[in-house]
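Participant: This is upload.pdb, which holds PDB, C-alpha atoms:
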```pdb
ATOM      1  CA  MET O   1     143.443  93.990 117.051
ATOM      2  CA  ALA O   2     144.895  96.625 114.770
ATOM      3  CA  ALA O   3     144.172  94.419 111.781
ATOM      4  CA  ALA O   4     140.587  94.072 112.876
ATOM      5  CA  ILE O   5     140.024  97.787 113.026
ATOM      6  CA  ALA O   6     142.087  98.582 109.968
ATOM      7  CA  ALA O   7     140.150 100.584 107.454
ATOM      8  CA  THR O   8     139.479  99.239 104.020
ATOM      9  CA  VAL O   9     139.858 101.387 100.952
ATOM     10  CA  GLY O  10     137.148 101.020  98.337
ATOM     11  CA  MET O  11     139.259  98.786  96.130
ATOM     12  CA  PRO O  12     138.670  95.313  94.711
ATOM     13  CA  ALA O  13     139.422  92.570  97.209
ATOM     14  CA  PHE O  14     141.640  90.663  94.773
ATOM     15  CA  ALA O  15     144.254  93.373  94.843
ATOM     16  CA  ALA O  16     147.500  93.038  96.764
ATOM     17  CA  PRO O  17     150.351  95.437  97.430
ATOM     18  CA  PRO O  18     153.658  94.975  95.578
ATOM     19  CA  ALA O  19     155.342  91.680  96.424
ATOM     20  CA  LEU O  20     158.590  91.555  98.342
ATOM     21  CA  ASP O  21     161.654  92.122  96.145
ATOM     22  CA  SER O  22     159.528  93.568  93.363
ATOM     23  CA  LEU O  23     160.306  97.009  92.039
ATOM     24  CA  ALA O  24     158.017  99.651  93.506
ATOM     25  CA  PRO O  25     156.219 101.412  90.639
ATOM     26  CA  ASP O  26     157.419 104.943  90.042
ATOM     27  CA  PHE O  27     155.036 107.863  90.475
ATOM     28  CA  ALA O  28     154.956 111.608  90.827
ATOM     29  CA  LEU O  29     152.568 113.407  93.140
ATOM     30  CA  LYS O  30     152.077 116.916  94.396
ATOM     31  CA  GLY O  31     152.877 117.545  98.030
ATOM     32  CA  ILE O  32     150.818 119.685 100.388
ATOM     33  CA  ASP O  33     153.594 122.275 100.124
ATOM     34  CA  GLY O  34     152.931 122.520  96.370
ATOM     35  CA  ARG O  35     156.109 120.736  95.349
ATOM     36  CA  ASN O  36     156.028 117.749  93.041
ATOM     37  CA  VAL O  37     157.827 114.634  94.224
ATOM     38  CA  ARG O  38     158.869 111.666  92.112
ATOM     39  CA  LEU O  39     159.690 108.403  93.884
ATOM     40  CA  SER O  40     162.545 107.490  91.526
ATOM     41  CA  GLU O  41     164.409 110.645  92.550
ATOM     42  CA  PHE O  42     165.042 108.942  95.894
ATOM     43  CA  ARG O  43     167.037 106.143  94.265
ATOM     44  CA  GLY O  44     170.306 105.668  96.097
ATOM     45  CA  GLU O  45     168.747 105.706  99.551
ATOM     46  CA  PRO O  46     166.132 103.568 101.299
ATOM     47  CA  VAL O  47     162.646 105.019 101.492
ATOM     48  CA  VAL O  48     159.713 104.368 103.785
ATOM     49  CA  LEU O  49     156.558 104.789 101.730
ATOM     50  CA  HIS O  50     153.380 105.136 103.727
ATOM     51  CA  PHE O  51     149.806 105.273 102.377
ATOM     52  CA  TRP O  52     147.302 106.789 104.761
ATOM     53  CA  ALA O  53     144.020 108.660 105.095
ATOM     54  CA  SER O  54     142.639 110.913 107.800
ATOM     55  CA  TRP O  55     139.559 108.741 108.408
ATOM     56  CA  CYS O  56     141.689 105.702 109.217
ATOM     57  CA  GLY O  57     142.467 105.584 112.934
ATOM     58  CA  PRO O  58     145.621 103.431 112.860
ATOM     59  CA  CYS O  59     146.944 105.600 110.025
ATOM     60  CA  ARG O  60     147.225 108.682 112.219
ATOM     61  CA  GLU O  61     149.317 106.902 114.820
ATOM     62  CA  SER O  62     151.359 105.201 112.165
ATOM     63  CA  VAL O  63     152.081 108.309 110.121
ATOM     64  CA  ALA O  64     153.122 110.209 113.238
ATOM     65  CA  ALA O  65     155.434 107.398 114.350
ATOM     66  CA  LEU O  66     157.018 107.088 110.911
ATOM     67  CA  ASP O  67     157.468 110.824 110.696
ATOM     68  CA  ALA O  68     159.266 110.767 114.042
ATOM     69  CA  LEU O  69     161.417 107.883 112.802
ATOM     70  CA  GLY O  70     162.343 109.910 109.739
ATOM     71  CA  GLN O  71     163.246 112.879 111.921
ATOM     72  CA  SER O  72     165.358 110.890 114.341
ATOM     73  CA  SER O  73     167.134 108.687 111.788
ATOM     74  CA  GLY O  74     167.361 111.049 108.831
ATOM     75  CA  ALA O  75     165.787 108.417 106.598
ATOM     76  CA  SER O  76     163.462 109.422 103.764
ATOM     77  CA  VAL O  77     159.830 108.937 104.692
ATOM     78  CA  LEU O  78     157.140 109.700 102.127
ATOM     79  CA  GLY O  79     153.528 109.836 103.157
ATOM     80  CA  VAL O  80     150.873 109.397 100.492
ATOM     81  CA  ASN O  81     147.528 110.727 101.637
ATOM     82  CA  LEU O  82     144.353 109.546  99.926
ATOM     83  CA  ASP O  83     141.986 112.305 101.085
ATOM     84  CA  GLY O  84     142.531 115.596  99.331
ATOM     85  CA  ALA O  85     144.988 118.463  99.536
ATOM     86  CA  ASP O  86     143.097 120.548 102.108
ATOM     87  CA  ARG O  87     142.278 117.655 104.404
ATOM     88  CA  ALA O  88     145.798 116.244 104.118
ATOM     89  CA  ALA O  89     147.325 119.627 104.926
ATOM     90  CA  ALA O  90     145.064 120.060 107.958
ATOM     91  CA  VAL O  91     145.905 116.635 109.360
ATOM     92  CA  ALA O  92     149.618 117.041 108.612
ATOM     93  CA  ALA O  93     149.566 120.362 110.451
ATOM     94  CA  SER O  94     147.706 118.924 113.441
ATOM     95  CA  LEU O  95     150.177 116.045 113.650
ATOM     96  CA  ARG O  96     153.084 118.421 112.965
ATOM     97  CA  LEU O  97     154.451 116.166 110.232
ATOM     98  CA  LYS O  98     157.842 117.125 108.866
ATOM     99  CA  ALA O  99     158.164 114.459 106.168
ATOM    100  CA  PRO O 100     156.703 115.211 102.716
ATOM    101  CA  THR O 101     152.975 114.553 102.560
ATOM    102  CA  LEU O 102     151.914 113.769  99.012
ATOM    103  CA  VAL O 103     148.315 113.910  97.906
ATOM    104  CA  ASP O 104     146.729 111.145  95.863
ATOM    105  CA  ALA O 105     143.145 112.360  95.897
ATOM    106  CA  GLN O 106     142.341 110.523  92.650
ATOM    107  CA  GLN O 107     143.867 107.381  94.202
ATOM    108  CA  SER O 108     145.696 106.681  90.957
ATOM    109  CA  VAL O 109     148.902 105.763  92.780
ATOM    110  CA  ALA O 110     146.927 103.758  95.334
ATOM    111  CA  ARG O 111     145.463 101.760  92.447
ATOM    112  CA  THR O 112     148.911 101.241  90.949
ATOM    113  CA  TYR O 113     150.072  99.919  94.296
ATOM    114  CA  ASP O 114     146.894  97.868  94.746
ATOM    115  CA  VAL O 115     146.312  99.410  98.147
ATOM    116  CA  GLU O 116     143.714  97.148  99.670
ATOM    117  CA  LYS O 117     143.911  98.146 103.312
ATOM    118  CA  LEU O 118     145.120 101.193 105.132
ATOM    119  CA  PRO O 119     147.615 101.949 106.409
ATOM    120  CA  LEU O 120     150.057 100.440 103.941
ATOM    121  CA  THR O 121     153.752 100.872 104.691
ATOM    122  CA  LEU O 122     156.487  99.754 102.327
ATOM    123  CA  LEU O 123     160.186  99.736 103.043
ATOM    124  CA  LEU O 124     162.101 100.256  99.794
ATOM    125  CA  ASP O 125     165.814  99.697  99.365
ATOM    126  CA  ALA O 126     168.171 102.068  97.554
ATOM    127  CA  GLU O 127     167.214 100.567  94.209
ATOM    128  CA  GLY O 128     163.498 100.884  94.811
ATOM    129  CA  HIS O 129     162.768  97.232  95.598
ATOM    130  CA  VAL O 130     160.231  96.354  98.286
ATOM    131  CA  ARG O 131     162.053  94.843 101.262
ATOM    132  CA  ALA O 132     159.214  94.774 103.781
ATOM    133  CA  SER O 133     155.545  95.723 103.914
ATOM    134  CA  TRP O 134     152.797  96.157 106.481
ATOM    135  CA  SER O 135     149.224  96.248 105.183
ATOM    136  CA  GLY O 136     146.191  97.068 107.284
ATOM    137  CA  VAL O 137     148.281  97.517 110.428
ATOM    138  CA  ALA O 138     150.662 100.140 111.678
ATOM    139  CA  ALA O 139     154.232  99.314 110.719
ATOM    140  CA  ASP O 140     156.035  97.509 113.492
ATOM    141  CA  LEU O 141     158.891  99.867 114.273
ATOM    142  CA  SER O 142     160.807  97.166 116.141
ATOM    143  CA  GLU O 143     160.997  95.312 112.807
ATOM    144  CA  LEU O 144     161.220  98.281 110.502
ATOM    145  CA  THR O 145     163.966 100.236 112.264
ATOM    146  CA  PRO O 146     166.706  97.562 112.173
ATOM    147  CA  GLN O 147     165.849  96.722 108.570
ATOM    148  CA  LEU O 148     166.037 100.382 107.653
ATOM    149  CA  ASP O 149     169.374 100.724 109.445
ATOM    150  CA  ARG O 150     170.746  97.720 107.568
ATOM    151  CA  LEU O 151     169.625  99.137 104.228
ATOM    152  CA  ARG O 152     171.176 102.497 105.025
ATOM    153  CA  GLN O 153     174.490 100.816 105.834
ATOM    154  CA  ASP O 154     174.570  98.796 102.571
TER     155      ASP O 154
ATOM    156  CA  MET H   1     148.234 100.739  85.546
ATOM    157  CA  LYS H   2     150.738  97.942  85.695
ATOM    158  CA  PRO H   3     153.882  98.058  83.537
ATOM    159  CA  LYS H   4     153.516  96.012  80.376
ATOM    160  CA  SER H   5     155.486  92.825  80.205
ATOM    161  CA  ASN H   6     157.847  93.106  77.303
ATOM    162  CA  PRO H   7     160.240  90.330  76.300
ATOM    163  CA  MET H   8     162.905  92.596  74.797
ATOM    164  CA  PRO H   9     164.229  94.278  77.983
ATOM    165  CA  ARG H  10     164.251  90.866  79.647
ATOM    166  CA  LEU H  11     166.338  89.508  76.781
ATOM    167  CA  ALA H  12     168.719  92.436  77.065
ATOM    168  CA  ARG H  13     169.054  91.913  80.804
ATOM    169  CA  LEU H  14     169.619  88.204  80.341
ATOM    170  CA  ILE H  15     172.390  88.806  77.836
ATOM    171  CA  THR H  16     173.928  91.384  80.163
ATOM    172  CA  VAL H  17     173.884  89.040  83.143
ATOM    173  CA  LEU H  18     175.293  86.129  81.143
ATOM    174  CA  ALA H  19     178.057  88.264  79.761
ATOM    175  CA  LEU H  20     178.937  89.648  83.187
ATOM    176  CA  LEU H  21     179.030  86.141  84.622
ATOM    177  CA  ALA H  22     181.243  84.949  81.806
ATOM    178  CA  ALA H  23     183.561  87.940  81.985
ATOM    179  CA  PRO H  24     185.661  86.929  85.004
ATOM    180  CA  LEU H  25     186.081  83.406  83.655
ATOM    181  CA  ALA H  26     187.215  84.575  80.268
ATOM    182  CA  ALA H  27     189.519  87.240  81.578
ATOM    183  CA  LEU H  28     191.180  85.695  84.651
ATOM    184  CA  PRO H  29     194.820  86.755  84.802
ATOM    185  CA  SER H  30     197.227  83.852  84.507
ATOM    186  CA  GLU H  31     199.787  85.776  86.605
ATOM    187  CA  GLY H  32     199.139  88.315  89.308
ATOM    188  CA  ASP H  33     201.352  91.025  87.852
ATOM    189  CA  ALA H  34     200.283  94.546  86.964
ATOM    190  CA  THR H  35     200.361  93.904  83.223
ATOM    191  CA  SER H  36     197.847  91.107  83.507
ATOM    192  CA  LEU H  37     195.583  93.211  85.708
ATOM    193  CA  LYS H  38     195.772  96.037  83.212
ATOM    194  CA  THR H  39     194.836  93.644  80.419
ATOM    195  CA  VAL H  40     191.936  92.300  82.443
ATOM    196  CA  ASP H  41     190.757  95.824  83.157
ATOM    197  CA  GLN H  42     190.934  96.697  79.464
ATOM    198  CA  ASP H  43     189.014  93.542  78.599
ATOM    199  CA  VAL H  44     186.333  94.376  81.162
ATOM    200  CA  GLN H  45     186.041  97.916  79.839
ATOM    201  CA  ALA H  46     185.781  96.638  76.266
ATOM    202  CA  LEU H  47     183.151  94.129  77.350
ATOM    203  CA  LYS H  48     181.196  96.838  79.131
ATOM    204  CA  LYS H  49     181.247  98.954  76.001
ATOM    205  CA  GLN H  50     180.031  96.019  73.918
ATOM    206  CA  LEU H  51     177.197  95.431  76.370
ATOM    207  CA  ILE H  52     176.170  99.058  76.298
ATOM    208  CA  ASP H  53     176.214  98.972  72.481
ATOM    209  CA  LEU H  54     174.200  95.766  72.491
ATOM    210  CA  ASN H  55     171.657  97.226  74.903
ATOM    211  CA  ARG H  56     171.360 100.310  72.736
ATOM    212  CA  ASP H  57     170.829  98.198  69.596
ATOM    213  CA  LEU H  58     168.190  96.111  71.355
ATOM    214  CA  PHE H  59     166.451  99.240  72.584
ATOM    215  CA  LYS H  60     166.421 100.652  69.056
ATOM    216  CA  LEU H  61     165.145  97.353  67.697
ATOM    217  CA  GLU H  62     162.398  97.291  70.325
ATOM    218  CA  GLU H  63     161.350 100.815  69.395
ATOM    219  CA  GLU H  64     161.359 100.007  65.695
ATOM    220  CA  LEU H  65     159.173  96.977  66.308
ATOM    221  CA  LEU H  66     156.702  98.683  68.615
ATOM    222  CA  TYR H  67     156.635 102.010  66.805
ATOM    223  CA  PRO H  68     157.387 101.469  63.114
ATOM    224  CA  ALA H  69     158.416 104.562  61.175
ATOM    225  CA  SER H  70     155.271 104.423  59.068
ATOM    226  CA  THR H  71     153.032 105.136  62.059
ATOM    227  CA  GLN H  72     155.379 106.617  64.653
ATOM    228  CA  VAL H  73     154.590 109.935  66.314
ATOM    229  CA  ALA H  74     156.800 111.331  69.053
ATOM    230  CA  VAL H  75     156.172 114.445  71.099
ATOM    231  CA  PHE H  76     159.075 116.199  72.807
ATOM    232  CA  LEU H  77     159.105 119.020  75.300
ATOM    233  CA  SER H  78     161.795 121.654  75.706
ATOM    234  CA  VAL H  79     162.152 124.925  77.581
ATOM    235  CA  ASP H  80     163.923 127.938  76.166
ATOM    236  CA  VAL H  81     164.741 130.424  78.942
ATOM    237  CA  GLY H  82     161.305 130.101  80.562
ATOM    238  CA  THR H  83     161.683 132.882  83.113
ATOM    239  CA  PHE H  84     157.997 133.846  82.808
ATOM    240  CA  PHE H  85     156.688 130.379  83.450
ATOM    241  CA  ALA H  86     157.461 127.771  86.104
ATOM    242  CA  LEU H  87     156.341 124.450  84.653
ATOM    243  CA  ASP H  88     154.248 122.211  86.883
ATOM    244  CA  SER H  89     152.557 119.713  84.564
ATOM    245  CA  VAL H  90     151.699 118.932  80.968
ATOM    246  CA  THR H  91     148.667 117.028  79.761
ATOM    247  CA  LEU H  92     148.754 115.765  76.214
ATOM    248  CA  LYS H  93     145.750 114.685  74.192
ATOM    249  CA  VAL H  94     145.811 113.064  70.784
ATOM    250  CA  ASP H  95     142.479 113.094  68.970
ATOM    251  CA  ASP H  96     140.781 114.025  72.241
ATOM    252  CA  LYS H  97     142.244 111.054  74.075
ATOM    253  CA  GLU H  98     144.617 111.734  76.958
ATOM    254  CA  VAL H  99     147.904 109.998  76.215
ATOM    255  CA  ALA H 100     150.263 111.654  78.687
ATOM    256  CA  ASN H 101     149.969 113.528  81.940
ATOM    257  CA  TYR H 102     153.303 114.479  83.404
ATOM    258  CA  LEU H 103     154.073 116.164  86.706
ATOM    259  CA  TYR H 104     157.478 117.865  86.813
ATOM    260  CA  THR H 105     159.725 117.907  89.845
ATOM    261  CA  GLU H 106     162.200 120.699  90.525
ATOM    262  CA  ARG H 107     165.055 118.552  89.279
ATOM    263  CA  GLU H 108     163.260 117.831  86.031
ATOM    264  CA  VAL H 109     162.460 121.489  85.468
ATOM    265  CA  GLN H 110     166.099 122.355  86.132
ATOM    266  CA  ALA H 111     167.184 119.713  83.616
ATOM    267  CA  LEU H 112     164.859 121.229  81.008
ATOM    268  CA  HIS H 113     166.248 124.689  81.742
ATOM    269  CA  ARG H 114     169.750 123.332  81.190
ATOM    270  CA  GLY H 115     168.755 122.296  77.678
ATOM    271  CA  GLY H 116     167.280 118.885  78.270
ATOM    272  CA  VAL H 117     164.597 117.624  75.931
ATOM    273  CA  GLN H 118     161.964 115.252  77.274
ATOM    274  CA  LYS H 119     160.278 112.609  75.183
ATOM    275  CA  LEU H 120     156.774 113.168  76.465
ATOM    276  CA  TYR H 121     154.992 110.683  74.258
ATOM    277  CA  LEU H 122     155.767 107.987  71.735
ATOM    278  CA  GLY H 123     152.932 106.288  69.929
ATOM    279  CA  ASN H 124     151.411 105.195  66.669
ATOM    280  CA  LEU H 125     149.001 107.091  64.446
ATOM    281  CA  LYS H 126     147.675 106.040  61.091
ATOM    282  CA  ALA H 127     148.068 108.302  58.088
ATOM    283  CA  GLY H 128     145.600 111.142  57.948
ATOM    284  CA  SER H 129     144.770 114.255  59.906
ATOM    285  CA  HIS H 130     144.981 114.276  63.683
ATOM    286  CA  GLU H 131     144.767 116.816  66.456
ATOM    287  CA  ILE H 132     147.300 117.139  69.245
ATOM    288  CA  VAL H 133     146.386 119.322  72.216
ATOM    289  CA  ALA H 134     148.771 120.139  75.052
ATOM    290  CA  PHE H 135     147.794 121.820  78.311
ATOM    291  CA  PHE H 136     150.526 123.440  80.342
ATOM    292  CA  THR H 137     150.024 124.323  83.992
ATOM    293  CA  GLY H 138     152.376 126.160  86.291
ATOM    294  CA  LYS H 139     153.131 129.554  87.703
ATOM    295  CA  GLY H 140     153.063 132.465  85.301
ATOM    296  CA  PRO H 141     154.206 136.048  85.696
ATOM    297  CA  HIS H 142     153.750 137.479  89.216
ATOM    298  CA  ASP H 143     153.594 133.925  90.569
ATOM    299  CA  ARG H 144     150.027 133.470  89.413
ATOM    300  CA  ASP H 145     148.540 130.107  88.546
ATOM    301  CA  TYR H 146     148.785 129.732  84.819
ATOM    302  CA  ARG H 147     147.125 127.272  82.468
ATOM    303  CA  ARG H 148     147.487 127.417  78.729
ATOM    304  CA  GLY H 149     146.511 125.100  75.920
ATOM    305  CA  THR H 150     147.962 124.797  72.485
ATOM    306  CA  THR H 151     146.684 122.818  69.529
ATOM    307  CA  LEU H 152     148.349 121.338  66.526
ATOM    308  CA  LYS H 153     146.612 119.934  63.464
ATOM    309  CA  LEU H 154     148.833 117.149  62.360
ATOM    310  CA  ASP H 155     148.835 115.639  58.892
ATOM    311  CA  LYS H 156     150.350 112.241  59.402
ATOM    312  CA  THR H 157     152.016 110.881  56.311
ATOM    313  CA  VAL H 158     153.912 107.641  55.818
ATOM    314  CA  GLY H 159     157.110 108.683  57.610
ATOM    315  CA  ALA H 160     157.700 109.195  61.317
ATOM    316  CA  LYS H 161     156.466 112.481  62.720
ATOM    317  CA  TYR H 162     158.181 114.412  65.502
ATOM    318  CA  VAL H 163     156.457 117.219  67.365
ATOM    319  CA  GLU H 164     158.254 119.650  69.640
ATOM    320  CA  LEU H 165     156.459 121.577  72.362
ATOM    321  CA  ARG H 166     158.642 124.493  73.309
ATOM    322  CA  ILE H 167     158.109 126.863  76.196
ATOM    323  CA  SER H 168     159.827 130.162  75.615
ATOM    324  CA  ASP H 169     159.622 133.788  76.701
ATOM    325  CA  ARG H 170     157.900 136.533  74.794
ATOM    326  CA  GLU H 171     159.984 139.459  75.929
ATOM    327  CA  ALA H 172     157.737 142.108  74.417
ATOM    328  CA  SER H 173     154.690 141.161  76.485
ATOM    329  CA  LEU H 174     156.605 139.604  79.388
ATOM    330  CA  GLN H 175     154.541 136.466  78.951
ATOM    331  CA  PRO H 176     155.418 132.851  78.318
ATOM    332  CA  GLU H 177     154.954 131.487  74.841
ATOM    333  CA  PHE H 178     154.056 127.939  73.910
ATOM    334  CA  VAL H 179     155.277 126.966  70.490
ATOM    335  CA  VAL H 180     154.505 123.754  68.635
ATOM    336  CA  ARG H 181     156.811 122.695  65.845
ATOM    337  CA  GLN H 182     156.754 119.722  63.558
ATOM    338  CA  TRP H 183     159.819 117.849  62.453
ATOM    339  CA  GLU H 184     159.889 115.277  59.703
TER     340      GLU H 184
END
```
Turn the structure described in the file into structure tokens.

Facilitator:
Amino acid sequence: MAAAIAATVGMPAFAAPPALDSLAPDFALKGIDGRNVRLSEFRGEPVVLHFWASWCGPCRESVAALDALGQSSGASVLGVNLDGADRAAAVAASLRLKAPTLVDAQQSVARTYDVEKLPLTLLLDAEGHVRASWSGVAADLSELTPQLDRLRQD
Amino acid sequence: MKPKSNPMPRLARLITVLALLAAPLAALPSEGDATSLKTVDQDVQALKKQLIDLNRDLFKLEEELLYPASTQVAVFLSVDVGTFFALDSVTLKVDDKEVANYLYTEREVQALHRGGVQKLYLGNLKAGSHEIVAFFTGKGPHDRDYRRGTTLKLDKTVGAKYVELRISDREASLQPEFVVRQWE
């Protein structure tokens, strides 16, 4: 059901998100708090990377759930919003997100990651390799949480 | 943009992996005493050093092949004091074509303040005159948004050309200063 209603980004249909075990491409983006964040600076700890947009229904639920997971577990959760700084800040405020919300208004990072459907959630290990991904559906927390715990224990 | 596939780092990694796999076989202690373990440890350390040297040589070779000295141009960025300017990003254009656009994190800015020098761009230019333009954005005095451009007319000769973009403080006017220097 979620897959059926998942929003599609205006990207070519041949694209696909990074394959499992591949190295997640590095990027730097500005957060809604004005701070710049570079993915590679999180090396040494697992990261949940989440691409979302305000107009995508499942994204809102997903980003809120992942934010709560980050708060409860202490894991690093990075949200990459594809709208624009103002819109992203408004939605982040309404959802009371605590995790960094990065803005990719030009969708340059989304293109690098071949984001085809939203939401896209990637679980990265401490070395930046993709260990699990959910595309076009909200990440299944019953799958993600134990995998994240395992990666944090490694 | 996807990372380019380059055979040289793969070769370096392959050599590294092969050497690491071979290391325990070549250096297994015949007796379990401390002397043997010490010897093994020394061998491993020596092997590690050789691998690092080999990786460095391969990296240099790769750079020499991709960016021969006759056409090489490198642009570096450094910060000297920089109390009047908090760096956010640098956009670099060569002959009106954007070749680098770098967003700096707090850690990177701190590293630059501690004396780090960043290689912002490495590329090839043919001999002749070229124009390098750098745009700096960040927070200037009184925490105001600040954007400044600086231009360098570059006369590329046969040898490699190194350009340094330096952000420093102009104490007299309490303003940041953006200096471009050429190194042969």

Participant: Specify as a PDB file with C-alpha atoms, keeping the file's coordinate frame each residue included when the PyMOL selection byres ((chain O) within 6 of (chain H)) is applied to this file.

Facilitator:
```pdb
ATOM      1  CA  ASN O  36     156.028 117.749  93.041  1.00  0.00           C
ATOM      2  CA  VAL O  37     157.827 114.634  94.224  1.00  0.00           C
ATOM      3  CA  THR O 112     148.911 101.241  90.949  1.00  0.00           C
TER       4      THR O 112
END
```

Participant: Could you state which residues are captured by the PyMOL selection byres ((chain O and resi 89) around 12) in this file, as JSON, numbers by chain?

Facilitator: {"O": [30, 31, 32, 33, 34, 53, 54, 79, 80, 81, 82, 83, 84, 85, 86, 87, 88, 90, 91, 92, 93, 94, 95, 96, 97, 98, 100, 101, 102, 103]}

Participant: Could you tell me which residues the PyMOL selection byres ((chain O and resi 129) around 7) grabs in this file, written as a ChimeraX atom specification?

Facilitator: /O:21-24,124-125,127-128,130-131

Participant: Generate the output file for the selected residues, C-alpha atoms, as a compact mmCIF listing (two decimals), keeping the file's coordinate frame.

Facilitator:
```
# COMPACT_ATOMS: atom_id res chain seq x y z
CA ASP O 21 161.65 92.12 96.14
CA SER O 22 159.53 93.57 93.36
CA LEU O 23 160.31 97.01 92.04
CA ALA O 24 158.02 99.65 93.51
CA LEU O 124 162.10 100.26 99.79
CA ASP O 125 165.81 99.70 99.36
CA GLU O 127 167.21 100.57 94.21
CA GLY O 128 163.50 100.88 94.81
CA VAL O 130 160.23 96.35 98.29
CA ARG O 131 162.05 94.84 101.26
```

Participant: Mind working out the centre and edge lengths of an axis-aligned box for stretch 38-51 of chain O, all listed atoms inside, 3 Å added to each side, rounded to one decimal in Å and written as AutoDock Vina command-line options?

Facilitator:
```
--center_x 160.1 --center_y 107.6 --center_z 97.7 --size_x 26.5 --size_y 14.1 --size_z 18.3
```

Participant: For the atom pair atom CA of O:Gln147 and atom CA of O:Gly57, what is the interatomic distance in Å to one decimal place?

Facilitator: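 About the pair atom CA of O:Gln147 and atom CA of O:Gly57: they are 25.4 Å apart.
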
Participant: What gap, in Å, lies between atom CA of O:Leu20 and atom CA of O:Trp134?

Facilitator: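 Spanning atom CA of O:Leu20 to atom CA of O:Trp134 is a straight-line distance of 11.0 Å.
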
Participant: Tell me which of O:Glu116, O:Asp149, O:Glu143, O:Asp67 sits closest to O:Pro18, counting all atoms listed in the file.

Facilitator: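 Selected residue with least distance to O:Pro18: O:Glu116.
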
Participant: Kindly give the distance, in Å, that separates atom CA of O:Phe27 and atom CA of H:Ala111, rounded to a single decimal.

Facilitator: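 According to the coordinates, atom CA of O:Phe27 and atom CA of H:Ala111 are separated by 18.3 Å.
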
Participant: My list of candidates is H:Trp183, H:Phe135, H:Tyr67, H:Phe84. Which is closest to H:Val163 when distances are computed with all atoms listed in the file?

Facilitator: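 Going through H:Trp183, H:Phe135, H:Tyr67, H:Phe84 one by one, the smallest distance to H:Val163 is for H:Trp183.
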
Participant: Pick out the closest residue to H:Lys161 from this set: H:Gly138, H:Gly123, H:Pro176, H:Gly149. Count all atoms listed in the file.

Facilitator: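 Between H:Gly138, H:Gly123, H:Pro176, H:Gly149, the residue approaching H:Lys161 most closely is H:Gly123.
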
Participant: Kindly indicate which residue among H:Asn101, H:Ser168, H:Ser70, H:Thr150 lies nearest to O:Ala28, using only C-alpha atoms for the distances.

Facilitator: H:Asn101

Participant: Name the residues, using the chain letters and numbers of the file, that sit within 7 Å of (169.5, 106.9, 98.0) when counting only C-alpha atoms, and give them as a list in words.

Facilitator: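 Output of the proximity query reads Phe42, Arg43, Gly44, Glu45, Pro46 and Ala126 of chain O.
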